[in-house]
Amino acid sequence: MLYHLLYSLHTQISWLNVFRYITFRSIGAAITAFLILCILGPKFIRWLQLKQIGQVVRADGPESHLSKQGVPTMGGVLILAAMTISTLLWADLTSGLVWLLIGISLFFGAIGAIDDLQKVTKGNSKGLSPRGKLLLQVAGASMVGLYLILHPEYDGRLAIPFFKTFHPDLGWWYIPFTVLVIVGASNAVNLTDGLDGLAAGPVMISGSVYLIFSYAAGNVIVAQYLQIPYVQGAGEVAVFCGTLIGACLGFLWFNAYPADIFMGDVGSLSLGGTLGAVSIITKQEFLLAIVGGIFVMEAVSVILQVGYFKMSGGKRIFLMAPIHHHFEKKGWQEPKVVVRFWIISIILGLLALATLKLR
Ligand code: 57M
């Protein structure tokens, strides 16, 4: 809104010209989302406590987690509210990409909310059936793929980091590829969200890297110089990434150890799916495997653990999967696991940025 209301007045009030700049609006969006979380966070936590929307902790988890029983969950509702409000305020609302991102974040958020509410009302850690959750995720992700493949500005070509001239064209196969990326990212972040602050940190770092890539991809001169695909309108994706960064930063204020609130599946499924959608829209799909390496590591640890468990008749590779629990079982304190995973995430983010020059 602000963009439409205020920029048009720049002929009368010259400094309002600043609203045309993506950088200014991305920073404004981040600060707005951050402030919404900080101001509404305490009230929302008290409301969740009043409504007894608390975490049901599985008995078979690490000992240290049993004390987390009843911690308010579904903090993702506030994350999504902050992102949506801030996007509506700061982004160019004539951009179809902006509405696509708002839509996918809320759609995956709704899937997670159904899951969370079922767990809270049933009083167990089961929720939506895995099949039901997966079907809904595939449906949502397919809509993104369909929208993009029908969008005149998009085609099925992929950009591979380090290879500037190799752009395989998937054609209609781009839709199942989109589903793989978005659903994979959504579930990987969901698995990662198992320690205080463990998901929000790397999501914020990934959002920061994609803010830079979105800005570059949306600027034809910068895109040509960096030899990355030019994506018309991707600059507005940078503004959306600003809201994601600000909301995660604000959420971390309360989710830092010892957490006053968990984001719930409404948060983790949504943030993961949204990051997946951003990677597709900016045509930097494989980059997510680098900057989101923590999420990849967590998901792969589960796949390896379950696979080996079945093949070996009950043996385990890790003390417990996902891998953050393995380090807890080895005696690392929770905050140490989280901060070390953040450090790895920052290094991976820097490597992802380095691919801009290593081509
Ligand atoms: C998502 N959810 C956390 C919270 C958060 C196949 C198997 C690997 C599945 C996996 C699983 O159930 N994953 C579900 C992870 C849960 O967090 C809630 O869920 C939301 C995110 N989806 O927002 O609402 C617990 O995580 C802890 N937590 C924090 N701080 C936070 O900020 O401490 C979460 C956020 C919360 C809280 O304790 O209750 C979760 O871990 O369930 N299963 C597992 O991850 C389990 N691993 C396992 O079974 N491993 C087996 C096999 C199957 C691989 C093995 O290694 O042999 C572990 N998780 C639990 N118990 N809870 C271990 C057993």
# chains A, B, ... in the order shown; residues from 1 in each chain; ligands from 1

call {"tool": "residues_near_ligand", "arguments": {"ligand": "ligand 1", "cutoff": "8 Å", "atoms": "only C-alpha atoms and all ligand atoms", "output": "ChimeraX atom specification"}}
result
/A:55-62,65-66,68-69,73-76,116,125,189-199,255-257,259,261-269,301-303,305-306,309,316,318-322,325

call {"tool": "closest_atom_pairs", "arguments": {"of": "range 46-147 of chain A", "to": "range 242-245 of chain A", "cutoff": "8 Å", "atoms": "only C-alpha atoms", "output": "tab-separated table"}}
result
residue	atom	partner	partner_atom	distance
A:Ala82	CA	A:Thr243	CA	7.4
A:Met83	CA	A:Thr243	CA	5.0
A:Thr84	CA	A:Thr243	CA	8.0
A:Ser86	CA	A:Thr243	CA	6.1
A:Thr87	CA	A:Thr243	CA	6.5

call {"tool": "residues_around", "arguments": {"residues": "Val296 in chain A", "least_positions_apart": "6", "cutoff": "12 Å", "atoms": "only C-alpha atoms", "output": "PDB file with C-alpha atoms, in the first residue's frame"}}
result
ATOM      1  CA  VAL A 181      11.704 -28.427  -4.540  1.00  0.00           C
ATOM      2  CA  GLY A 184      11.113 -31.082  -0.129  1.00  0.00           C
ATOM      3  CA  ALA A 185      12.042 -27.722   1.366  1.00  0.00           C
ATOM      4  CA  SER A 186       8.831 -27.595   3.389  1.00  0.00           C
ATOM      5  CA  ASN A 187       9.402 -30.994   4.972  1.00  0.00           C
ATOM      6  CA  ALA A 188      13.130 -30.433   5.468  1.00  0.00           C
ATOM      7  CA  VAL A 189      12.490 -27.246   7.477  1.00  0.00           C
ATOM      8  CA  ASN A 190       9.781 -29.095   9.365  1.00  0.00           C
ATOM      9  CA  LEU A 191      12.249 -31.802  10.404  1.00  0.00           C
ATOM     10  CA  THR A 192      14.851 -29.171  11.317  1.00  0.00           C
ATOM     11  CA  PRO A 202      18.905 -20.843   8.877  1.00  0.00           C
ATOM     12  CA  GLY A 272      10.131 -24.149   4.088  1.00  0.00           C
ATOM     13  CA  PHE A 286      19.842 -25.521  -6.832  1.00  0.00           C
ATOM     14  CA  LEU A 287      21.188 -22.657  -4.766  1.00  0.00           C
ATOM     15  CA  LEU A 288      18.749 -23.720  -2.031  1.00  0.00           C
ATOM     16  CA  ALA A 289      20.655 -26.989  -1.648  1.00  0.00           C
ATOM     17  CA  ILE A 290      23.731 -24.886  -0.803  1.00  0.00           C
ATOM     18  CA  VAL A 302      16.475 -39.054   8.642  1.00  0.00           C
ATOM     19  CA  ILE A 303      16.442 -40.813   5.265  1.00  0.00           C
ATOM     20  CA  LEU A 304      19.736 -42.584   6.046  1.00  0.00           C
ATOM     21  CA  PRO A 322      17.299 -35.847  12.752  1.00  0.00           C
ATOM     22  CA  ILE A 323      20.974 -35.155  13.290  1.00  0.00           C
ATOM     23  CA  SER A 345      24.349 -22.006   7.831  1.00  0.00           C
ATOM     24  CA  LEU A 348      26.876 -22.013   3.458  1.00  0.00           C
TER      25      LEU A 348
END

call {"tool": "closest_residue", "arguments": {"among": "A:Ile182, A:Ile281, A:Asp260, A:Ile175", "to": "Ala217 in chain A", "atoms": "only C-alpha atoms"}}
result
A:Ile281

call {"tool": "atom_distance", "arguments": {"atom1": "CA of Ser206 in chain A", "atom2": "CA of Ala352 in chain A"}}
result
9.4 Å
